[in-house]
Number of protein chains: 2
Amino acid sequence: MSRIKSDAKAFTIHDVAAEAGVSKSTVSLALQGSPLIRPETAERVREAAARIGYVYNRRAGELRRKSSNVIGVVINDLMNPFFAEVLVGIERKLVDAGYIVLMAHTAESLQRQNQVLMSMREQNAASIILCPVLGTPKSLVTDVQGWGIPLLVLVRSLGAGPYDFAGSDNESGNFIATRHLIESNHRRIGFLGGQSGVVLHQRLKGYKLALAKAKIPFDELLVIPSVPTRQGGYMAMQQLLALAPRVTAAVCYNDIEALGALSALGERGLIAGKDFSLMGFDNVLEAEHANPPLSTMDVRPGDLGEQAARLLLARIEDPSLPPQIFLSAPRLILRQSA
Amino acid sequence: MSRIKSDAKAFTIHDVAAEAGVSKSTVSLALQGSPLIRPETAERVREAAARIGYVYNRRAGELRRKSSNVIGVVINDLMNPFFAEVLVGIERKLVDAGYIVLMAHTAESLQRQNQVLMSMREQNAASIILCPVLGTPKSLVTDVQGWGIPLLVLVRSLGAGPYDFAGSDNESGNFIATRHLIESNHRRIGFLGGQSGVVLHQRLKGYKLALAKAKIPFDELLVIPSVPTRQGGYMAMQQLLALAPRVTAAVCYNDIEALGALSALGERGLIAGKDFSLMGFDNVLEAEHANPPLSTMDVRPGDLGEQAARLLLARIEDPSLPPQIFLSAPRLILRQSA
DNA sequence: CTGAAAGCGCTTACAG
DNA sequence: CTGAAAGCGCTTACAG
């Protein structure tokens with residue numbers, strides 16, 4: 001009553017063959033649904049397999065066939081719900097297509113990233129979806145490609161070289177977000193959060209562009225960097241609020257920073273959308289029920305994940321495809337915060 | 001310039017053997033760091049391997065050795081940050097121990113759960129951590145155990161049978177949460193959210209117990225079920241607010257429901273902690289920077305994940321261990337909402 | 001200390 | 001339509 005049962009003897013096609021009174025080859029073919037096997041025989045094999053509780057050893061089959069149905073997905077920050085939503089989209093699509101995902105979390109550690117990538121290589125991953133940590137050398141792309149493993153880069157692009165990529169149009173997205181604030185008659189508009197990396201660069205660019213278009217001079221002091229977390233957004237907002245003359249609105253690096261900013265606002269009894277206008281970026285699930293509901297740029301994270309998976313599947317299907325790019329066009333979602 | 005490079009010829013120990021001028025066996029042993037191999041020879045082998053860019057084919061090795069270093073982790077709801085945090089804890093611990101995780105998301109679908117479990121079995125997973133979907137038959141535990149795969153059940157217990165389990169003490173947790181509200185002089189206290197399952201049952205039990213202890217009659221009308229999402233919490237709170245006489249406080253099924261409830265409160269211009277007292281459960285990361293910051297029961301999700309992984313590793317190490325249980329004792333975290 | 005041989009559980013030409 | 005044989009890339013007794 002206290003031990004946990006274990007060690008069921010594993011049956012092989014050899015056992016099934018004996019049970020069905022045919023050869024190993026016939027079992028293999030029958031189980032694959034090969035037209036070479038007569039229907040009656042196939043049926044007999046299937047019954048025998050079920051009777052003894054045979055389970056296919058996929059890894060053995062893949063070793064022989066030199067194939068693999070596992071796909072590595074490496075994510076830099078699962079604590080950000082944006083990535084969790086993307087991951088779910090990827091996983092759904094991949095499992096539907098008959099794959100299974102080897103998942104790793106790097107927590108922005110380059111060393112951890114190298115470690116898990118190597119591990120996935122040893123595991124013979126059929127391909128890899130990588131959302132690279134900050135500071136990933138561009139050479140990583142050619143390295144992985146050199147391994148013969150199709151690679152899709154997610155969210156954070158990694159320079160020029162040809163590779164498949166899925167992400168969002170950060171520049172135009174933040175251009176739209178900032179323009180919305182300008183059209184609501186804000187002039188002193190902050191840029192809140194973010195620390196480094198291409199995504200920040202692009203979002204900042206969209207912000208500056210919108211400012212320039214409206215002939216509002218760019219003010220370095222209004223961009224407050226921070227770690228891309230709620231805590232970071234919270235602190236950045238406090239800094240922004242301390243500025244004089246008063247800043248009346250801000251676009252945020254992403255939604256979770258905006259959520260942190262909302263919290264800082266609330267702490268001072270300020271209501272977003274009334275006393276201060278705030279735009280997020282991503283449209284994570286929690287944006288809709290933030291207090292107050294967060295206006296943001298919708299990149300449809302789940303769909304982004306599915307699209308990434310779709311591109312990867314196409315690549316596996318046809319390795320000679322030219323480099324594929326999916327760029328989600330962020331859509332303005334107006335709720336209450338701006 | 002437009003094709004993505006692929007198909008590097010894969011080297012095997014055979015190639016390394018040729019390069020180093022030794023036999024396959026020697027290569028295998030040398031790479032494993034066997035003391036049987038003379039240091040000079042081992043060094044020569046390692047150099048040869050590095051020179052030709054050899055990479056270990058772990059799956060081949062595991063086939064031969066009948067081992068596996070992949071561990072399946074199946075999660076029912078990754079859209080709930082609680083599970084994302086737990087997953088990160090599990091993954092961190094497992095990777096540190098030299099394993100790699102095969103991750104699957106079931107989205108509360110029993111069919112998907114069966115599918116991925118089967119897939120993990122075929123993949124030869126060394127063991128499985130399962131957070132079962134609602135409505136999982138208790139027989140699943142013995143099924144999986146019968147496969148010879150060590151199983152750890154996560155968060156939602158699955159009846160009596162001996163198995164390893166990691167979760168939290170929901171009853172005592174919600175007892176404490178409710179008691180806190182009572183001690184703050186609330187009498188009409190709602191229970192907000194949750195739909196079915198053991199976890200709800202236990203949390204409800206803690207709620208009723210605290211009420212009983214304070215001689216407050218249990219009122220069926222004050223428990224408002226809902227889907228366990230922010231949207232669910234939002235709607236449940238609206239219902240609760242419509243009740244007369246007025247309800248002044250509520251414990252929530254979990255944090256994300258509480259967050260949704262916060263949003264409903266905000267919509268009516270009500271401030272949690274002043275106009276209404278609200279307790280969450282889990283202490284997900286976003287609770288701290290909710291608006292206002294959410295008082296909740298801390299189960300330390302990340303640590304829970306690590307503990308689950310720890311138990312599993314112990315089980316793999318010694319299959320004869322008696323059933324192990326880790327129950328996180330939730331701690332009261334007072335912030336602003338209550 | 002090192003090599004030749006068998007075998008993990010499959011698949012796939014090749015005969016028949 | 002079905003079987004015997006070779007082989008995927010490793011590991012591990014067993015000799016020497």
# chains A, B, ... in the order shown; residues from 1 in each chain; ligands from 1
call {"tool": "closest_atom_pairs", "arguments": {"of": "chain A", "to": "chain D", "cutoff": "9 Å", "atoms": "only C-alpha atoms (C1' of nucleotides)", "output": "Markdown table"}}
result
| residue | atom | partner | partner_atom | distance |
| --- | --- | --- | --- | --- |
| A:Val22 | CA | D:DT2 | C1' | 8.2 |
| A:Ser23 | CA | D:DG3 | C1' | 6.2 |
| A:Lys24 | CA | D:DG3 | C1' | 8.4 |
| A:Ser25 | CA | D:DG3 | C1' | 7.3 |
| A:Thr26 | CA | D:DT2 | C1' | 6.6 |
| A:Leu36 | CA | D:DC1 | C1' | 6.5 |
| A:Ile37 | CA | D:DC1 | C1' | 6.2 |
| A:Arg38 | CA | D:DC1 | C1' | 6.6 |
| A:Ala60 | CA | D:DC8 | C1' | 8.6 |
| A:Gly61 | CA | D:DC8 | C1' | 8.9 |
| A:Glu62 | CA | D:DC8 | C1' | 8.4 |
| A:Leu63 | CA | D:DC8 | C1' | 5.2 |
| A:Arg64 | CA | D:DC8 | C1' | 4.0 |
| A:Arg65 | CA | D:DC8 | C1' | 7.0 |
| A:Lys66 | CA | D:DC8 | C1' | 7.0 |
call {"tool": "write_last_selection", "arguments": {"atoms": "all heavy atoms", "output": "CSV table (one decimal), in the first residue's frame"}}
result
chain,number,residue,atom,x,y,z
A,22,VAL,N,3.3,-13.3,-36.9
A,22,VAL,CA,3.9,-12.8,-38.2
A,22,VAL,C,5.3,-12.3,-37.8
A,22,VAL,O,5.8,-12.5,-36.7
A,22,VAL,CB,3.1,-11.6,-38.7
A,22,VAL,CG1,1.7,-12.0,-39.1
A,22,VAL,CG2,3.0,-10.4,-37.7
A,23,SER,N,6.0,-11.7,-38.8
A,23,SER,CA,7.3,-11.2,-38.6
A,23,SER,C,7.3,-9.8,-38.0
A,23,SER,O,6.3,-9.1,-38.2
A,23,SER,CB,8.1,-11.3,-39.8
A,23,SER,OG,7.8,-10.2,-40.7
A,24,LYS,N,8.5,-9.4,-37.5
A,24,LYS,CA,8.7,-8.0,-37.0
A,24,LYS,C,8.3,-7.0,-38.1
A,24,LYS,O,7.7,-6.0,-37.9
A,24,LYS,CB,10.1,-7.8,-36.6
A,24,LYS,CG,10.5,-8.2,-35.2
A,24,LYS,CD,12.0,-8.1,-35.0
A,24,LYS,CE,12.6,-6.9,-35.7
A,24,LYS,NZ,14.1,-6.9,-35.6
A,25,SER,N,8.8,-7.3,-39.3
A,25,SER,CA,8.6,-6.4,-40.4
A,25,SER,C,7.1,-6.1,-40.7
A,25,SER,O,6.7,-5.0,-40.9
A,25,SER,CB,9.2,-6.9,-41.7
A,25,SER,OG,10.4,-7.7,-41.4
A,26,THR,N,6.4,-7.2,-40.7
A,26,THR,CA,5.0,-7.1,-40.9
A,26,THR,C,4.3,-6.2,-39.8
A,26,THR,O,3.5,-5.4,-40.1
A,26,THR,CB,4.4,-8.5,-40.9
A,26,THR,OG1,5.0,-9.3,-41.9
A,26,THR,CG2,2.9,-8.4,-41.3
A,36,LEU,N,1.0,-2.2,-48.1
A,36,LEU,CA,1.7,-3.4,-48.4
A,36,LEU,C,1.1,-4.6,-47.6
A,36,LEU,O,1.2,-5.8,-48.0
A,36,LEU,CB,3.2,-3.4,-48.2
A,36,LEU,CG,4.0,-2.4,-49.0
A,36,LEU,CD1,5.4,-2.5,-48.7
A,36,LEU,CD2,3.8,-2.8,-50.5
A,37,ILE,N,0.5,-4.3,-46.5
A,37,ILE,CA,-0.1,-5.4,-45.7
A,37,ILE,C,-1.5,-5.6,-45.9
A,37,ILE,O,-2.3,-4.6,-46.0
A,37,ILE,CB,0.2,-5.0,-44.2
A,37,ILE,CG1,1.6,-4.7,-43.9
A,37,ILE,CG2,-0.3,-6.1,-43.3
A,37,ILE,CD1,2.6,-5.9,-44.1
A,38,ARG,N,-1.9,-6.9,-46.0
A,38,ARG,CA,-3.3,-7.2,-46.2
A,38,ARG,C,-4.1,-6.7,-45.0
A,38,ARG,O,-3.7,-6.9,-43.9
A,38,ARG,CB,-3.5,-8.7,-46.4
A,38,ARG,CG,-4.7,-9.0,-47.3
A,38,ARG,CD,-4.8,-10.5,-47.6
A,38,ARG,NE,-3.7,-11.2,-47.1
A,38,ARG,CZ,-3.8,-12.5,-46.6
A,38,ARG,NH1,-4.9,-13.1,-46.5
A,38,ARG,NH2,-2.7,-13.1,-46.2
A,60,ALA,N,13.2,5.0,-30.7
A,60,ALA,CA,13.9,3.9,-31.5
A,60,ALA,C,13.6,4.1,-33.0
A,60,ALA,O,14.4,4.1,-33.8
A,60,ALA,CB,13.4,2.6,-31.0
A,61,GLY,N,12.3,4.3,-33.3
A,61,GLY,CA,11.9,4.5,-34.6
A,61,GLY,C,12.6,5.7,-35.3
A,61,GLY,O,13.1,5.6,-36.4
A,62,GLU,N,12.7,6.8,-34.5
A,62,GLU,CA,13.3,8.0,-35.0
A,62,GLU,C,14.8,7.8,-35.2
A,62,GLU,O,15.4,8.4,-36.1
A,62,GLU,CB,13.0,9.2,-34.1
A,62,GLU,CG,11.5,9.5,-34.1
A,62,GLU,CD,11.1,10.7,-33.3
A,62,GLU,OE1,11.9,11.1,-32.4
A,62,GLU,OE2,10.0,11.3,-33.5
A,63,LEU,N,15.4,7.1,-34.4
A,63,LEU,CA,16.8,6.8,-34.5
A,63,LEU,C,17.1,6.2,-35.9
A,63,LEU,O,17.9,6.6,-36.6
A,63,LEU,CB,17.3,5.9,-33.4
A,63,LEU,CG,18.8,5.4,-33.5
A,63,LEU,CD1,19.7,6.6,-33.6
A,63,LEU,CD2,19.1,4.5,-32.4
A,64,ARG,N,16.3,5.1,-36.1
A,64,ARG,CA,16.4,4.4,-37.3
A,64,ARG,C,16.1,5.3,-38.5
A,64,ARG,O,16.8,5.3,-39.5
A,64,ARG,CB,15.5,3.2,-37.3
A,64,ARG,CG,15.5,2.3,-38.5
A,64,ARG,CD,16.9,1.9,-38.9
A,64,ARG,NE,17.2,2.1,-40.3
A,64,ARG,CZ,17.1,1.2,-41.3
A,64,ARG,NH1,16.9,0.0,-41.0
A,64,ARG,NH2,17.3,1.6,-42.5
A,65,ARG,N,15.0,6.0,-38.4
A,65,ARG,CA,14.5,6.8,-39.5
A,65,ARG,C,15.3,8.2,-39.6
A,65,ARG,O,15.0,8.9,-40.6
A,65,ARG,CB,13.0,7.0,-39.4
A,65,ARG,CG,12.3,7.4,-40.6
A,65,ARG,CD,11.0,8.0,-40.3
A,65,ARG,NE,9.9,7.0,-40.2
A,65,ARG,CZ,9.1,6.9,-39.2
A,65,ARG,NH1,9.2,7.7,-38.2
A,65,ARG,NH2,8.1,5.9,-39.2
A,66,LYS,N,16.0,8.5,-38.6
A,66,LYS,CA,16.7,9.7,-38.6
A,66,LYS,C,15.7,10.9,-38.7
A,66,LYS,O,16.0,11.9,-39.4
A,66,LYS,CB,17.8,9.8,-39.7
A,66,LYS,CG,19.0,9.0,-39.4
A,66,LYS,CD,19.8,8.9,-40.7
A,66,LYS,CE,21.2,8.5,-40.4
A,66,LYS,NZ,22.0,9.5,-39.6
call {"tool": "select_by_dssp", "arguments": {"residues": "range 12-258 of chain B", "states": "strand (DSSP E or B)", "output": "MDAnalysis selection string"}}
result
chainID B and resid 70:75 100:105 127:130 151:154 164:168 189:192 194 223:224 226 249:252
call {"tool": "residues_around", "arguments": {"residues": "Asn291 in chain B", "least_positions_apart": "4", "cutoff": "10 Å", "atoms": "only C-alpha atoms (C1' of nucleotides)", "output": "VMD selection string"}}
result
(chain A and resid 259 to 267 290 to 292) or (chain B and resid 259 262 to 263 266 271 to 272 286 to 287 336 to 337)
call {"tool": "residues_around", "arguments": {"residues": "range 77-84 of chain B", "least_positions_apart": "4", "cutoff": "7 Å", "atoms": "only C-alpha atoms (C1' of nucleotides)", "output": "VMD selection string"}}
result
(chain A and resid 78 to 79 81 84 to 85) or (chain B and resid 88 105 to 108 282 284 301)
call {"tool": "write_last_selection", "arguments": {"atoms": "all heavy atoms", "output": "tab-separated table (two decimals), in the first residue's frame"}}
result
chain	number	residue	atom	x	y	z
A	78	LEU	N	9.21	33.82	-19.13
A	78	LEU	CA	7.85	33.30	-18.97
A	78	LEU	C	7.08	34.02	-17.87
A	78	LEU	O	5.87	33.83	-17.73
A	78	LEU	CB	7.89	31.81	-18.63
A	78	LEU	CG	7.55	30.86	-19.77
A	78	LEU	CD1	7.44	29.45	-19.24
A	78	LEU	CD2	6.24	31.27	-20.43
A	79	MET	N	7.75	34.83	-17.09
A	79	MET	CA	7.06	35.58	-16.05
A	79	MET	C	6.29	36.75	-16.65
A	79	MET	O	5.46	37.35	-15.99
A	79	MET	CB	8.06	36.10	-15.00
A	79	MET	CG	8.85	35.02	-14.29
A	79	MET	SD	7.87	34.00	-13.15
A	79	MET	CE	6.85	33.05	-14.27
A	81	PRO	N	3.43	37.57	-19.00
A	81	PRO	CA	2.32	36.81	-19.57
A	81	PRO	C	2.28	36.86	-21.10
A	81	PRO	O	1.74	35.97	-21.73
A	81	PRO	CB	1.09	37.47	-18.95
A	81	PRO	CG	1.55	38.78	-18.42
A	81	PRO	CD	2.99	38.61	-18.08
A	84	ALA	N	3.96	33.82	-22.13
A	84	ALA	CA	3.16	32.64	-21.79
A	84	ALA	C	2.06	32.46	-22.85
A	84	ALA	O	1.80	31.35	-23.31
A	84	ALA	CB	2.55	32.79	-20.40
A	85	GLU	N	1.46	33.56	-23.26
A	85	GLU	CA	0.41	33.47	-24.27
A	85	GLU	C	0.96	33.04	-25.62
A	85	GLU	O	0.35	32.26	-26.34
A	85	GLU	CB	-0.33	34.82	-24.38
A	85	GLU	CG	-1.10	35.16	-23.11
A	85	GLU	CD	-1.77	36.53	-23.14
A	85	GLU	OE1	-2.17	36.98	-24.23
A	85	GLU	OE2	-1.89	37.15	-22.07
B	88	VAL	N	7.81	27.55	-14.27
B	88	VAL	CA	9.17	28.08	-14.28
B	88	VAL	C	10.00	27.47	-13.14
B	88	VAL	O	11.16	27.11	-13.34
B	88	VAL	CB	9.16	29.63	-14.18
B	88	VAL	CG1	10.54	30.15	-13.86
B	88	VAL	CG2	8.67	30.21	-15.50
B	105	HIS	N	0.35	21.67	-22.83
B	105	HIS	CA	-0.72	22.47	-22.26
B	105	HIS	C	-2.05	21.85	-22.64
B	105	HIS	O	-2.31	21.61	-23.81
B	105	HIS	CB	-0.63	23.90	-22.82
B	105	HIS	CG	-1.65	24.83	-22.27
B	105	HIS	ND1	-2.45	25.62	-23.06
B	105	HIS	CD2	-2.02	25.09	-20.99
B	105	HIS	CE1	-3.25	26.33	-22.29
B	105	HIS	NE2	-3.00	26.04	-21.04
B	106	THR	N	-2.88	21.58	-21.65
B	106	THR	CA	-4.12	20.87	-21.97
B	106	THR	C	-5.35	21.76	-22.08
B	106	THR	O	-6.36	21.35	-22.63
B	106	THR	CB	-4.43	19.80	-20.90
B	106	THR	OG1	-4.41	20.44	-19.61
B	106	THR	CG2	-3.38	18.71	-20.93
B	107	ALA	N	-5.25	22.99	-21.57
B	107	ALA	CA	-6.40	23.90	-21.62
B	107	ALA	C	-7.68	23.23	-21.12
B	107	ALA	O	-8.75	23.37	-21.72
B	107	ALA	CB	-6.59	24.45	-23.03
B	108	GLU	N	-7.54	22.46	-20.03
B	108	GLU	CA	-8.68	21.77	-19.40
B	108	GLU	C	-9.38	20.78	-20.32
B	108	GLU	O	-10.55	20.45	-20.11
B	108	GLU	CB	-9.72	22.77	-18.87
B	108	GLU	CG	-9.23	23.72	-17.79
B	108	GLU	CD	-8.87	23.03	-16.48
B	108	GLU	OE1	-8.92	21.79	-16.38
B	108	GLU	OE2	-8.50	23.76	-15.53
B	282	ASP	N	-3.04	32.73	-3.79
B	282	ASP	CA	-1.92	32.26	-4.61
B	282	ASP	C	-0.69	33.15	-4.46
B	282	ASP	O	0.42	32.69	-4.38
B	282	ASP	CB	-2.23	32.21	-6.12
B	282	ASP	CG	-3.10	31.03	-6.51
B	282	ASP	OD1	-3.24	30.10	-5.69
B	282	ASP	OD2	-3.65	31.04	-7.63
B	284	VAL	N	0.27	35.49	-6.94
B	284	VAL	CA	0.99	35.56	-8.20
B	284	VAL	C	1.73	36.89	-8.24
B	284	VAL	O	1.40	37.82	-7.50
B	284	VAL	CB	0.03	35.45	-9.42
B	284	VAL	CG1	-0.64	34.08	-9.42
B	284	VAL	CG2	-0.98	36.57	-9.44
B	301	PRO	N	4.26	30.20	-5.56
B	301	PRO	CA	4.13	29.34	-6.74
B	301	PRO	C	5.45	28.81	-7.29
B	301	PRO	O	5.57	27.62	-7.58
B	301	PRO	CB	3.45	30.26	-7.76
B	301	PRO	CG	2.76	31.31	-6.95
B	301	PRO	CD	3.60	31.51	-5.74
call {"tool": "residues_around", "arguments": {"residues": "Leu222 in chain B", "least_positions_apart": "4", "cutoff": "9 Å", "atoms": "only C-alpha atoms (C1' of nucleotides)", "output": "PyMOL selection string"}}
result
chain B and resi 188-192+218+240+243+247+250
call {"tool": "write_last_selection", "arguments": {"atoms": "all heavy atoms", "output": "PDB file, in the first residue's frame"}}
result
ATOM      1  N   ARG B 188     -20.869  40.055   6.397  1.00  0.00           N
ATOM      2  CA  ARG B 188     -21.380  39.511   5.131  1.00  0.00           C
ATOM      3  C   ARG B 188     -20.206  39.397   4.167  1.00  0.00           C
ATOM      4  O   ARG B 188     -19.829  40.358   3.499  1.00  0.00           O
ATOM      5  CB  ARG B 188     -22.496  40.396   4.558  1.00  0.00           C
ATOM      6  CG  ARG B 188     -23.823  40.137   5.278  1.00  0.00           C
ATOM      7  CD  ARG B 188     -24.967  40.965   4.762  1.00  0.00           C
ATOM      8  NE  ARG B 188     -25.344  40.735   3.363  1.00  0.00           N
ATOM      9  CZ  ARG B 188     -26.048  39.685   2.931  1.00  0.00           C
ATOM     10  NH1 ARG B 188     -26.415  38.739   3.766  1.00  0.00           N
ATOM     11  NH2 ARG B 188     -26.382  39.599   1.658  1.00  0.00           N
ATOM     12  N   ILE B 189     -19.666  38.207   4.140  1.00  0.00           N
ATOM     13  CA  ILE B 189     -18.455  37.958   3.362  1.00  0.00           C
ATOM     14  C   ILE B 189     -18.750  36.983   2.228  1.00  0.00           C
ATOM     15  O   ILE B 189     -19.205  35.866   2.465  1.00  0.00           O
ATOM     16  CB  ILE B 189     -17.363  37.355   4.271  1.00  0.00           C
ATOM     17  CG1 ILE B 189     -17.060  38.324   5.419  1.00  0.00           C
ATOM     18  CG2 ILE B 189     -16.117  37.025   3.464  1.00  0.00           C
ATOM     19  CD1 ILE B 189     -16.189  37.732   6.500  1.00  0.00           C
ATOM     20  N   GLY B 190     -18.512  37.409   1.016  1.00  0.00           N
ATOM     21  CA  GLY B 190     -18.785  36.540  -0.125  1.00  0.00           C
ATOM     22  C   GLY B 190     -17.631  35.595  -0.428  1.00  0.00           C
ATOM     23  O   GLY B 190     -16.495  35.804   0.013  1.00  0.00           O
ATOM     24  N   PHE B 191     -17.947  34.557  -1.170  1.00  0.00           N
ATOM     25  CA  PHE B 191     -16.909  33.679  -1.724  1.00  0.00           C
ATOM     26  C   PHE B 191     -17.059  33.780  -3.227  1.00  0.00           C
ATOM     27  O   PHE B 191     -18.092  33.408  -3.793  1.00  0.00           O
ATOM     28  CB  PHE B 191     -17.089  32.238  -1.271  1.00  0.00           C
ATOM     29  CG  PHE B 191     -15.977  31.340  -1.771  1.00  0.00           C
ATOM     30  CD1 PHE B 191     -14.931  30.975  -0.927  1.00  0.00           C
ATOM     31  CD2 PHE B 191     -15.967  30.874  -3.085  1.00  0.00           C
ATOM     32  CE1 PHE B 191     -13.902  30.161  -1.396  1.00  0.00           C
ATOM     33  CE2 PHE B 191     -14.936  30.072  -3.554  1.00  0.00           C
ATOM     34  CZ  PHE B 191     -13.899  29.706  -2.712  1.00  0.00           C
ATOM     35  N   LEU B 192     -16.023  34.267  -3.853  1.00  0.00           N
ATOM     36  CA  LEU B 192     -16.151  34.693  -5.226  1.00  0.00           C
ATOM     37  C   LEU B 192     -15.354  33.830  -6.207  1.00  0.00           C
ATOM     38  O   LEU B 192     -14.120  33.769  -6.137  1.00  0.00           O
ATOM     39  CB  LEU B 192     -15.644  36.130  -5.236  1.00  0.00           C
ATOM     40  CG  LEU B 192     -16.004  37.039  -6.367  1.00  0.00           C
ATOM     41  CD1 LEU B 192     -16.047  38.468  -5.839  1.00  0.00           C
ATOM     42  CD2 LEU B 192     -14.996  36.907  -7.457  1.00  0.00           C
ATOM     43  N   PHE B 218     -23.653  30.394   7.474  1.00  0.00           N
ATOM     44  CA  PHE B 218     -23.240  30.285   6.075  1.00  0.00           C
ATOM     45  C   PHE B 218     -24.423  30.615   5.184  1.00  0.00           C
ATOM     46  O   PHE B 218     -25.521  30.106   5.381  1.00  0.00           O
ATOM     47  CB  PHE B 218     -22.750  28.870   5.798  1.00  0.00           C
ATOM     48  CG  PHE B 218     -22.565  28.583   4.338  1.00  0.00           C
ATOM     49  CD1 PHE B 218     -21.570  29.231   3.610  1.00  0.00           C
ATOM     50  CD2 PHE B 218     -23.400  27.676   3.678  1.00  0.00           C
ATOM     51  CE1 PHE B 218     -21.399  28.973   2.255  1.00  0.00           C
ATOM     52  CE2 PHE B 218     -23.230  27.415   2.321  1.00  0.00           C
ATOM     53  CZ  PHE B 218     -22.233  28.062   1.618  1.00  0.00           C
ATOM     54  N   LEU B 240     -22.166  39.991  -6.925  1.00  0.00           N
ATOM     55  CA  LEU B 240     -22.041  40.118  -5.477  1.00  0.00           C
ATOM     56  C   LEU B 240     -22.476  41.514  -5.027  1.00  0.00           C
ATOM     57  O   LEU B 240     -23.155  41.682  -4.016  1.00  0.00           O
ATOM     58  CB  LEU B 240     -20.584  39.869  -5.067  1.00  0.00           C
ATOM     59  CG  LEU B 240     -20.339  39.419  -3.635  1.00  0.00           C
ATOM     60  CD1 LEU B 240     -21.028  38.086  -3.374  1.00  0.00           C
ATOM     61  CD2 LEU B 240     -18.847  39.290  -3.364  1.00  0.00           C
ATOM     62  N   LEU B 243     -26.204  42.294  -4.534  1.00  0.00           N
ATOM     63  CA  LEU B 243     -26.930  41.680  -3.417  1.00  0.00           C
ATOM     64  C   LEU B 243     -27.343  42.679  -2.333  1.00  0.00           C
ATOM     65  O   LEU B 243     -26.660  43.658  -2.080  1.00  0.00           O
ATOM     66  CB  LEU B 243     -26.039  40.616  -2.768  1.00  0.00           C
ATOM     67  CG  LEU B 243     -26.276  39.155  -3.139  1.00  0.00           C
ATOM     68  CD1 LEU B 243     -26.779  38.981  -4.559  1.00  0.00           C
ATOM     69  CD2 LEU B 243     -24.995  38.364  -2.920  1.00  0.00           C
ATOM     70  N   VAL B 247     -23.021  43.298   0.691  1.00  0.00           N
ATOM     71  CA  VAL B 247     -21.872  42.467   1.069  1.00  0.00           C
ATOM     72  C   VAL B 247     -20.677  43.414   1.165  1.00  0.00           C
ATOM     73  O   VAL B 247     -20.523  44.296   0.326  1.00  0.00           O
ATOM     74  CB  VAL B 247     -21.619  41.398   0.000  1.00  0.00           C
ATOM     75  CG1 VAL B 247     -20.358  40.621   0.315  1.00  0.00           C
ATOM     76  CG2 VAL B 247     -22.812  40.464  -0.107  1.00  0.00           C
ATOM     77  N   ALA B 250     -15.020  39.942   0.434  1.00  0.00           N
ATOM     78  CA  ALA B 250     -15.054  38.631  -0.213  1.00  0.00           C
ATOM     79  C   ALA B 250     -13.675  37.989  -0.239  1.00  0.00           C
ATOM     80  O   ALA B 250     -12.665  38.678  -0.360  1.00  0.00           O
ATOM     81  CB  ALA B 250     -15.591  38.758  -1.636  1.00  0.00           C
TER      82      ALA B 250
END
